[in-house]
Amino acid sequence: MATPDLILDPALKYWVLLPISFVMVLVGLIRSNVTYLLSPKPKLEPYRAVREKQFLKRAQSFTQNSGVLNAREIRDRQQFLIEKLNSSDFYAKEGEEELDPLSAFADPANNEAMMNMAKGNMMNYIPQTVIMGWVNYFFAGFVIMKLPFPVTDGFKGMLQTGVATPDLNVRYVSSISWYFVNLFGLRPVYSLLMGDKEANELISQQNQQQGMPNIGGPGGPKADKLFKAEAESIQILGHESIFDGIVERVLSEN
Amino acid sequence: MSSVSALKNKLVLVARSGTYVNFAPSQVQKYHHETERFLMNSSDELDAVELFDVYEMQFHLALITSHDVEAKAILDRLVDQFGSSENSQRIRLLQSKYLEVMGEPEQALKVLGNDPDELRLSRRLTTNSRKSGNAEEYIANLNFYLDLQPSDLITWAELGDEYAKVGHYDKAVFSLQEILLQEPFAYPVFYKVGLYNYYRFLQEEQALKTERKDKLWELVEILQDARNNYLRSVEICDVYIKSWIGIYLISSHKFNDKLRKLNSVKEVAKFLEQNDKLKTLSEKKIRELDQEAWAQIKQ
C-alpha cells in the first residue's frame, strides 16, 4: 500500500465526530419547531372567493356528469350555466381586468405569500451556513474517522473535502465531509425523533389543499378566463343521458 | 387487524362521514356507549386528529342522547385543547349547538356572530329560521346561502326536502339533481329523485280534469322520469329495495289502464310494454329481498 495507515487520536471521536453529529441533530430539531412557529396560520378566505370557486366547481361537475339528467334538464341547465359563466355575477372581484405580470408584485396579497416563502427558505439556509462556518472554523482540515469498510476512489471527492492529500486512503473522512454526510443522511433520525406519521400527515394535508385551481393567487389563472373556458365546454356538451335504454339494461341484467 | 384497531377505524369513519346523525335511536345509543368505552380504554390508538374527530362525534351523540353534562365536559375539553374559541369556527359551532340544546337560542346565535367569511357558521345561521315553522322564509334563506355556496351538497339536499314538504316537487327534483351532478353514484338520491317525480305525477294526476292526449303525455313523461331514476338506482345497487318497490308501484299503477286507450301512439305502447315487464321483475325482486315488504304491498 502506498500510504501507511494514519493513527487517529481517539479524542477526535469525542471532541469532533460526535459533537458535529449532535449539533446537527439538535439544530435540525430546533429548526423544524421554529418553522412550525413561523408557518402562517390558515387564513379565512373571503366568502366571495369561495363562492367563485364553488360556482366553477358546480359548472365543472355539470360538464362531467350531465348524463344523470334527461335531455330536457340538460338543456335547461346548459342555458343557465352558460349565461351565468358569461356574466360577472359570480366573480370574486368586480371588473377583473387584465393585469400585466409585473404588477402582481405590487399586490399586498402576493407579497404575503412571497414573504412566507422567503421565511421558509431562510429557515433552511441560515442554520446550515452557521454550522458549516463553525465546522470550518474549528475543525478545518481534520481527518476525523476511518470507515470500517473499503470504498472505491470515486468517493474521494465526497469523503475528503477540505483535506488536500491526493494519496490518502479513501476510507478516511474529513470533518467537513462528515458534516455533509450528516446534512443529507439525518432524515431517518429526525423522523424517528419527531414521529414519522405526523410529519407525513402534515405533508399529505398540504398536498390535498391544492386540488382546486388557485384562482386569483399569484401566477394562477384569472376567474374570467376559467369561466369562459368552462362556458365553451358546456356549450359543446352532448345530450347523452344514462337514462337512454335503461329499461333494457336493467331487464337484461336480471 | 386486531379488534381494537378495527373498532378504531369504524369509529373514525363514522365520525368523519357524519352518518351518525341519521342513525336510529337504538343505534345512537349503542354508538354512544361504544365510543365512551373506547375513549376511556383505548384512546391511545388514535392520533391527535382522529382523537378530536371522535370527540366531536361523541359530543353530538351525547347531545342526541340527552347526556348534556357529558357534552359539556367534552366541549370544555375541546376548548381547553384549542384555546379560546374566537378563531375556530368548528368550536364555536359546537358551543352554539350546546347552547341551543340548553334552551338559550339567543346566546347560541350570539356565539355564531355574523362574519360573512365564516361560512360554516353562516350555514348554521341559515338553519335558524327552520324553527319558526315558516317554510317560505327557510327556503328563501337556503336559497340565499346556496347563492353564496353553489356546490354545498348538504344544503342542496335540505332545500330539496323543504321543497318537497311544501309540494314543489319539480323544484325538489332540481335541487336533488345538483347532488347527483357531483355524486353520480349516489343511489339513494336517485331513489329520492324518482320518488319526488312520482309524487309530482300523483299531484298532477289528481288535478287532471280532462283526458286530452297532450296532458296525458305530460304525465307519462313525469312518470317515465320517476321510473328511470328508480331504475338507475337499482342499476347501481341491485338490493336497494325501496327503488324496486317504487318501480312496482309505477308499473302497477291504475294510470296504466287509462293509458291503454292511447295505445295507438308508439311511445305510449312502448312505455306500457316496458311497464309490464318491469312489473314482473320488480315483483320477483321484492319477494326475494323482503317477504314482509311484499305482504304489506299486497295489502
# chains A, B, ... in the order shown; residues from 1 in each chain; ligands from 1
>>> interface_residues(of="chain B", to="chain A", cutoff="8 Å", atoms="only C-alpha atoms", output="PyMOL selection string")
chain B and resi 116-119+147-151+177+180-182+184+225+228-229+231-232+235+274+277-278+281
>>> select_by_dssp(residues="range 9-245 of chain A", states="strand (DSSP E or B)", output="list in words")
Val143, Ile144, Met145, Lys146, Tyr172, Val173 and Ser174 of chain A
>>> atom_distance(atom1="CA of Leu12 in chain A", atom2="CA of Phe139 in chain A")
10.2 Å
>>> residues_around(residues="range 162-169 of chain A", least_positions_apart="2", cutoff="10 Å", atoms="only C-alpha atoms", output="PDB file with N, CA, C and O atoms, in the first residue's frame")
ATOM      1  N   MET A   1       0.835  -1.193   0.000  1.00  0.00           N
ATOM      2  CA  MET A   1       0.000   0.000   0.000  1.00  0.00           C
ATOM      3  C   MET A   1       0.874   1.248   0.000  1.00  0.00           C
ATOM      4  O   MET A   1       1.915   1.276   0.675  1.00  0.00           O
ATOM      5  N   ALA A   2       0.500   2.231  -0.805  1.00  0.00           N
ATOM      6  CA  ALA A   2       1.351   3.406  -0.977  1.00  0.00           C
ATOM      7  C   ALA A   2       1.450   4.209   0.316  1.00  0.00           C
ATOM      8  O   ALA A   2       2.553   4.635   0.694  1.00  0.00           O
ATOM      9  N   THR A   3       0.315   4.382   0.983  1.00  0.00           N
ATOM     10  CA  THR A   3       0.357   5.216   2.190  1.00  0.00           C
ATOM     11  C   THR A   3       0.220   4.348   3.416  1.00  0.00           C
ATOM     12  O   THR A   3      -0.645   3.463   3.466  1.00  0.00           O
ATOM     13  N   PRO A   4       1.057   4.556   4.397  1.00  0.00           N
ATOM     14  CA  PRO A   4       0.884   3.802   5.640  1.00  0.00           C
ATOM     15  C   PRO A   4      -0.368   4.295   6.356  1.00  0.00           C
ATOM     16  O   PRO A   4      -0.832   5.389   6.110  1.00  0.00           O
ATOM     17  N   ASP A   5      -0.892   3.411   7.243  1.00  0.00           N
ATOM     18  CA  ASP A   5      -2.097   3.800   7.974  1.00  0.00           C
ATOM     19  C   ASP A   5      -1.832   4.996   8.867  1.00  0.00           C
ATOM     20  O   ASP A   5      -0.789   5.088   9.502  1.00  0.00           O
ATOM     21  N   LEU A   6      -2.837   5.902   8.912  1.00  0.00           N
ATOM     22  CA  LEU A   6      -2.731   7.010   9.855  1.00  0.00           C
ATOM     23  C   LEU A   6      -3.195   6.516  11.207  1.00  0.00           C
ATOM     24  O   LEU A   6      -4.045   5.640  11.307  1.00  0.00           O
ATOM     25  N   ASN A 136     -15.982  24.638   9.773  1.00  0.00           N
ATOM     26  CA  ASN A 136     -14.823  25.082   9.015  1.00  0.00           C
ATOM     27  C   ASN A 136     -13.846  25.873   9.885  1.00  0.00           C
ATOM     28  O   ASN A 136     -12.648  25.824   9.683  1.00  0.00           O
ATOM     29  N   ALA A 140     -11.217  22.759  10.523  1.00  0.00           N
ATOM     30  CA  ALA A 140     -10.781  22.752   9.125  1.00  0.00           C
ATOM     31  C   ALA A 140      -9.616  21.799   8.943  1.00  0.00           C
ATOM     32  O   ALA A 140      -8.651  21.810   9.712  1.00  0.00           O
ATOM     33  N   GLY A 141      -9.703  20.940   7.953  1.00  0.00           N
ATOM     34  CA  GLY A 141      -8.603  20.059   7.609  1.00  0.00           C
ATOM     35  C   GLY A 141      -8.452  18.861   8.531  1.00  0.00           C
ATOM     36  O   GLY A 141      -7.491  18.110   8.412  1.00  0.00           O
ATOM     37  N   PHE A 142      -9.402  18.639   9.447  1.00  0.00           N
ATOM     38  CA  PHE A 142      -9.312  17.467  10.330  1.00  0.00           C
ATOM     39  C   PHE A 142      -9.667  16.197   9.569  1.00  0.00           C
ATOM     40  O   PHE A 142     -10.613  16.182   8.781  1.00  0.00           O
ATOM     41  N   VAL A 143      -8.880  15.146   9.829  1.00  0.00           N
ATOM     42  CA  VAL A 143      -9.345  13.818   9.407  1.00  0.00           C
ATOM     43  C   VAL A 143      -9.892  13.183  10.662  1.00  0.00           C
ATOM     44  O   VAL A 143      -9.177  13.028  11.649  1.00  0.00           O
ATOM     45  N   LYS A 146     -12.142   6.768  10.274  1.00  0.00           N
ATOM     46  CA  LYS A 146     -11.813   5.833   9.213  1.00  0.00           C
ATOM     47  C   LYS A 146     -12.999   4.900   9.065  1.00  0.00           C
ATOM     48  O   LYS A 146     -13.475   4.330  10.056  1.00  0.00           O
ATOM     49  N   PRO A 150     -14.029  -0.870   3.004  1.00  0.00           N
ATOM     50  CA  PRO A 150     -13.338  -0.202   1.896  1.00  0.00           C
ATOM     51  C   PRO A 150     -14.338   0.429   0.938  1.00  0.00           C
ATOM     52  O   PRO A 150     -15.431  -0.086   0.759  1.00  0.00           O
ATOM     53  N   VAL A 151     -13.936   1.577   0.354  1.00  0.00           N
ATOM     54  CA  VAL A 151     -14.765   2.206  -0.686  1.00  0.00           C
ATOM     55  C   VAL A 151     -13.883   2.530  -1.881  1.00  0.00           C
ATOM     56  O   VAL A 151     -12.654   2.581  -1.763  1.00  0.00           O
ATOM     57  N   THR A 152     -14.511   2.725  -3.027  1.00  0.00           N
ATOM     58  CA  THR A 152     -13.711   2.966  -4.237  1.00  0.00           C
ATOM     59  C   THR A 152     -13.250   4.420  -4.290  1.00  0.00           C
ATOM     60  O   THR A 152     -13.760   5.267  -3.562  1.00  0.00           O
ATOM     61  N   ASP A 153     -12.323   4.676  -5.208  1.00  0.00           N
ATOM     62  CA  ASP A 153     -11.721   6.009  -5.303  1.00  0.00           C
ATOM     63  C   ASP A 153     -12.732   7.096  -5.640  1.00  0.00           C
ATOM     64  O   ASP A 153     -12.503   8.263  -5.341  1.00  0.00           O
ATOM     65  N   LYS A 156     -13.679   9.725  -3.120  1.00  0.00           N
ATOM     66  CA  LYS A 156     -12.682  10.630  -2.553  1.00  0.00           C
ATOM     67  C   LYS A 156     -13.231  12.054  -2.433  1.00  0.00           C
ATOM     68  O   LYS A 156     -13.119  12.692  -1.381  1.00  0.00           O
ATOM     69  N   GLY A 157     -13.821  12.530  -3.510  1.00  0.00           N
ATOM     70  CA  GLY A 157     -14.353  13.891  -3.512  1.00  0.00           C
ATOM     71  C   GLY A 157     -15.399  14.102  -2.431  1.00  0.00           C
ATOM     72  O   GLY A 157     -15.486  15.154  -1.813  1.00  0.00           O
ATOM     73  N   LEU A 159     -15.746  12.217   0.461  1.00  0.00           N
ATOM     74  CA  LEU A 159     -15.359  11.950   1.842  1.00  0.00           C
ATOM     75  C   LEU A 159     -14.184  12.796   2.317  1.00  0.00           C
ATOM     76  O   LEU A 159     -13.940  12.903   3.519  1.00  0.00           O
ATOM     77  N   GLN A 160     -13.419  13.384   1.379  1.00  0.00           N
ATOM     78  CA  GLN A 160     -12.206  14.069   1.846  1.00  0.00           C
ATOM     79  C   GLN A 160     -12.162  15.527   1.391  1.00  0.00           C
ATOM     80  O   GLN A 160     -11.102  16.044   1.066  1.00  0.00           O
ATOM     81  N   ARG A 171     -10.789   5.687   2.703  1.00  0.00           N
ATOM     82  CA  ARG A 171     -11.583   5.336   3.880  1.00  0.00           C
ATOM     83  C   ARG A 171     -11.558   6.415   4.956  1.00  0.00           C
ATOM     84  O   ARG A 171     -12.391   6.427   5.852  1.00  0.00           O
ATOM     85  N   TYR A 172     -10.595   7.325   4.880  1.00  0.00           N
ATOM     86  CA  TYR A 172     -10.543   8.397   5.891  1.00  0.00           C
ATOM     87  C   TYR A 172     -11.514   9.512   5.525  1.00  0.00           C
ATOM     88  O   TYR A 172     -11.637   9.883   4.361  1.00  0.00           O
ATOM     89  N   VAL A 173     -12.213  10.013   6.535  1.00  0.00           N
ATOM     90  CA  VAL A 173     -13.261  11.008   6.302  1.00  0.00           C
ATOM     91  C   VAL A 173     -12.861  12.334   6.955  1.00  0.00           C
ATOM     92  O   VAL A 173     -12.448  12.349   8.117  1.00  0.00           O
ATOM     93  N   SER A 174     -13.000  13.424   6.207  1.00  0.00           N
ATOM     94  CA  SER A 174     -12.637  14.727   6.772  1.00  0.00           C
ATOM     95  C   SER A 174     -13.841  15.335   7.501  1.00  0.00           C
ATOM     96  O   SER A 174     -14.976  14.910   7.304  1.00  0.00           O
ATOM     97  N   SER A 175     -13.590  16.344   8.325  1.00  0.00           N
ATOM     98  CA  SER A 175     -14.668  16.899   9.166  1.00  0.00           C
ATOM     99  C   SER A 175     -15.766  17.529   8.321  1.00  0.00           C
ATOM    100  O   SER A 175     -16.958  17.298   8.562  1.00  0.00           O
ATOM    101  N   ILE A 176     -15.372  18.295   7.314  1.00  0.00           N
ATOM    102  CA  ILE A 176     -16.394  18.971   6.521  1.00  0.00           C
ATOM    103  C   ILE A 176     -17.216  17.952   5.730  1.00  0.00           C
ATOM    104  O   ILE A 176     -18.425  18.098   5.545  1.00  0.00           O
ATOM    105  N   SER A 177     -16.581  16.838   5.326  1.00  0.00           N
ATOM    106  CA  SER A 177     -17.330  15.794   4.626  1.00  0.00           C
ATOM    107  C   SER A 177     -18.306  15.125   5.574  1.00  0.00           C
ATOM    108  O   SER A 177     -19.423  14.782   5.193  1.00  0.00           O
TER     109      SER A 177
END
>>> residues_around(residues="His239 in chain A", least_positions_apart="2", cutoff="7 Å", atoms="only C-alpha atoms", output="PDB file with all heavy atoms, in the first residue's frame")
ATOM      1  N   ALA A  71     -82.597  14.723 -21.248  1.00  0.00           N
ATOM      2  CA  ALA A  71     -82.175  15.690 -22.267  1.00  0.00           C
ATOM      3  C   ALA A  71     -82.730  17.086 -21.994  1.00  0.00           C
ATOM      4  O   ALA A  71     -82.022  18.086 -22.141  1.00  0.00           O
ATOM      5  CB  ALA A  71     -82.615  15.210 -23.631  1.00  0.00           C
ATOM      6  N   ILE A  74     -80.894  18.701 -19.135  1.00  0.00           N
ATOM      7  CA  ILE A  74     -79.539  19.090 -19.545  1.00  0.00           C
ATOM      8  C   ILE A  74     -79.594  20.431 -20.265  1.00  0.00           C
ATOM      9  O   ILE A  74     -78.809  21.333 -19.979  1.00  0.00           O
ATOM     10  CB  ILE A  74     -78.899  18.030 -20.456  1.00  0.00           C
ATOM     11  CG1 ILE A  74     -78.652  16.742 -19.677  1.00  0.00           C
ATOM     12  CG2 ILE A  74     -77.581  18.523 -21.030  1.00  0.00           C
ATOM     13  CD1 ILE A  74     -78.068  15.625 -20.498  1.00  0.00           C
ATOM     14  N   LEU A 237     -71.381  20.515 -25.114  1.00  0.00           N
ATOM     15  CA  LEU A 237     -71.747  19.256 -24.461  1.00  0.00           C
ATOM     16  C   LEU A 237     -72.845  18.521 -25.228  1.00  0.00           C
ATOM     17  O   LEU A 237     -73.798  19.141 -25.675  1.00  0.00           O
ATOM     18  CB  LEU A 237     -72.263  19.618 -23.060  1.00  0.00           C
ATOM     19  CG  LEU A 237     -72.053  18.627 -21.939  1.00  0.00           C
ATOM     20  CD1 LEU A 237     -70.576  18.387 -21.752  1.00  0.00           C
ATOM     21  CD2 LEU A 237     -72.649  19.203 -20.670  1.00  0.00           C
ATOM     22  N   SER A 241     -77.620  10.773 -22.163  1.00  0.00           N
ATOM     23  CA  SER A 241     -78.098  10.568 -20.804  1.00  0.00           C
ATOM     24  C   SER A 241     -77.985   9.093 -20.439  1.00  0.00           C
ATOM     25  O   SER A 241     -78.139   8.219 -21.287  1.00  0.00           O
ATOM     26  CB  SER A 241     -79.553  11.023 -20.720  1.00  0.00           C
ATOM     27  OG  SER A 241     -80.126  10.550 -19.538  1.00  0.00           O
TER      28      SER A 241
END
>>> select_by_dssp(residues="range 31-130 of chain B", states="alpha helix (DSSP H)", output="mmCIF file with C-alpha atoms, in the first residue's frame")
data_model
loop_
_atom_site.group_PDB
_atom_site.id
_atom_site.type_symbol
_atom_site.label_atom_id
_atom_site.label_comp_id
_atom_site.auth_asym_id
_atom_site.auth_seq_id
_atom_site.Cartn_x
_atom_site.Cartn_y
_atom_site.Cartn_z
ATOM 1 C CA TYR B 31 -72.593 4.119 19.402
ATOM 2 C CA HIS B 32 -72.633 6.454 22.336
ATOM 3 C CA HIS B 33 -71.733 3.604 24.710
ATOM 4 C CA GLU B 34 -69.189 2.169 22.366
ATOM 5 C CA THR B 35 -67.422 5.482 21.833
ATOM 6 C CA GLU B 36 -67.463 6.245 25.520
ATOM 7 C CA ARG B 37 -65.818 2.933 26.357
ATOM 8 C CA PHE B 38 -63.360 3.283 23.523
ATOM 9 C CA LEU B 39 -62.290 6.771 24.579
ATOM 10 C CA MET B 40 -61.842 5.566 28.124
ATOM 11 C CA ASN B 41 -59.855 2.421 27.368
ATOM 12 C CA SER B 42 -58.019 2.785 24.120
ATOM 13 C CA ALA B 48 -54.334 13.688 17.518
ATOM 14 C CA VAL B 49 -56.568 14.473 14.547
ATOM 15 C CA GLU B 50 -58.577 11.246 14.860
ATOM 16 C CA LEU B 51 -58.980 11.715 18.597
ATOM 17 C CA PHE B 52 -60.650 15.089 18.251
ATOM 18 C CA ASP B 53 -62.810 13.930 15.364
ATOM 19 C CA VAL B 54 -64.091 11.158 17.611
ATOM 20 C CA TYR B 55 -64.578 13.634 20.460
ATOM 21 C CA GLU B 56 -66.654 15.794 18.157
ATOM 22 C CA MET B 57 -68.840 12.817 17.283
ATOM 23 C CA GLN B 58 -69.191 11.887 20.938
ATOM 24 C CA PHE B 59 -70.260 15.452 21.686
ATOM 25 C CA HIS B 60 -73.056 15.187 19.131
ATOM 26 C CA LEU B 61 -74.059 11.727 20.308
ATOM 27 C CA ALA B 62 -74.184 12.988 23.883
ATOM 28 C CA LEU B 63 -76.471 15.822 22.811
ATOM 29 C CA ILE B 64 -78.724 13.476 20.857
ATOM 30 C CA ASP B 68 -75.743 17.190 28.475
ATOM 31 C CA VAL B 69 -73.288 17.016 31.373
ATOM 32 C CA GLU B 70 -71.093 14.763 29.310
ATOM 33 C CA ALA B 71 -71.471 17.035 26.305
ATOM 34 C CA LYS B 72 -70.356 19.975 28.402
ATOM 35 C CA ALA B 73 -67.334 18.015 29.622
ATOM 36 C CA ILE B 74 -66.290 17.205 26.067
ATOM 37 C CA LEU B 75 -66.845 20.764 24.960
ATOM 38 C CA ASP B 76 -64.673 22.031 27.815
ATOM 39 C CA ARG B 77 -62.003 19.561 26.901
ATOM 40 C CA LEU B 78 -62.009 20.795 23.280
ATOM 41 C CA VAL B 79 -61.913 24.429 24.376
ATOM 42 C CA ASP B 80 -59.011 23.635 26.718
ATOM 43 C CA GLN B 81 -57.135 21.982 23.911
ATOM 44 C CA PHE B 82 -57.652 24.612 21.235
ATOM 45 C CA GLN B 89 -65.390 28.106 13.611
ATOM 46 C CA ARG B 90 -65.606 24.450 14.427
ATOM 47 C CA ILE B 91 -65.553 25.006 18.168
ATOM 48 C CA ARG B 92 -67.946 27.917 18.040
ATOM 49 C CA LEU B 93 -70.326 25.753 16.065
ATOM 50 C CA LEU B 94 -70.232 23.166 18.841
ATOM 51 C CA GLN B 95 -70.677 25.826 21.518
ATOM 52 C CA SER B 96 -73.643 27.240 19.711
ATOM 53 C CA LYS B 97 -75.234 23.826 19.365
ATOM 54 C CA TYR B 98 -74.735 23.197 23.049
ATOM 55 C CA LEU B 99 -76.353 26.491 23.996
ATOM 56 C CA GLU B 100 -79.233 25.829 21.667
ATOM 57 C CA VAL B 101 -79.861 22.435 23.218
ATOM 58 C CA PRO B 105 -81.265 30.266 21.469
ATOM 59 C CA GLU B 106 -80.272 33.939 21.720
ATOM 60 C CA GLN B 107 -76.915 33.071 23.251
ATOM 61 C CA ALA B 108 -76.451 30.424 20.582
ATOM 62 C CA LEU B 109 -76.980 32.993 17.850
ATOM 63 C CA LYS B 110 -74.621 35.400 19.534
ATOM 64 C CA VAL B 111 -71.836 32.811 19.537
ATOM 65 C CA LEU B 112 -72.269 32.325 15.816
ATOM 66 C CA LEU B 119 -69.280 30.064 6.017
ATOM 67 C CA ARG B 120 -69.694 27.150 8.370
ATOM 68 C CA LEU B 121 -71.339 29.430 10.874
ATOM 69 C CA SER B 122 -73.426 31.102 8.181
ATOM 70 C CA ARG B 123 -74.875 27.735 7.302
ATOM 71 C CA ARG B 124 -75.848 27.210 10.904
ATOM 72 C CA LEU B 125 -77.438 30.648 10.959
ATOM 73 C CA THR B 126 -79.410 29.691 7.878
ATOM 74 C CA THR B 127 -80.973 26.772 9.676
ATOM 75 C CA ASN B 128 -82.115 29.062 12.464
#
>>> closest_residue(among="A:Met123, A:Tyr36, A:Lys225, A:Ile144", to="Leu17 in chain A", atoms="only C-alpha atoms")
A:Ile144
>>> atom_distance(atom1="CA of Phe271 in chain B", atom2="CA of Lys254 in chain B")
14.0 Å
>>> residues_around(residues="Pro10 in chain A", least_positions_apart="4", cutoff="10 Å", atoms="only C-alpha atoms", output="ChimeraX atom specification")
/A:14-15,144-145
>>> write_last_selection(atoms="C-alpha atoms", output="mmCIF file, in the first residue's frame")
data_model
loop_
_atom_site.group_PDB
_atom_site.id
_atom_site.type_symbol
_atom_site.label_atom_id
_atom_site.label_comp_id
_atom_site.auth_asym_id
_atom_site.auth_seq_id
_atom_site.Cartn_x
_atom_site.Cartn_y
_atom_site.Cartn_z
ATOM 1 C CA TYR A 14 -15.414 12.506 21.416
ATOM 2 C CA TRP A 15 -14.488 16.092 20.620
ATOM 3 C CA ILE A 144 -11.748 12.512 11.974
ATOM 4 C CA MET A 145 -12.580 8.899 11.232
#
>>> residues_around(residues="Trp156 in chain B", least_positions_apart="6", cutoff="8 Å", atoms="only C-alpha atoms", output="VMD selection string")
chain B and resid 146 175 to 176 178 to 179
>>> residues_around(residues="Leu289 in chain B", least_positions_apart="4", cutoff="12 Å", atoms="only C-alpha atoms", output="ChimeraX atom specification")
/B:238-245,282-285,293-294
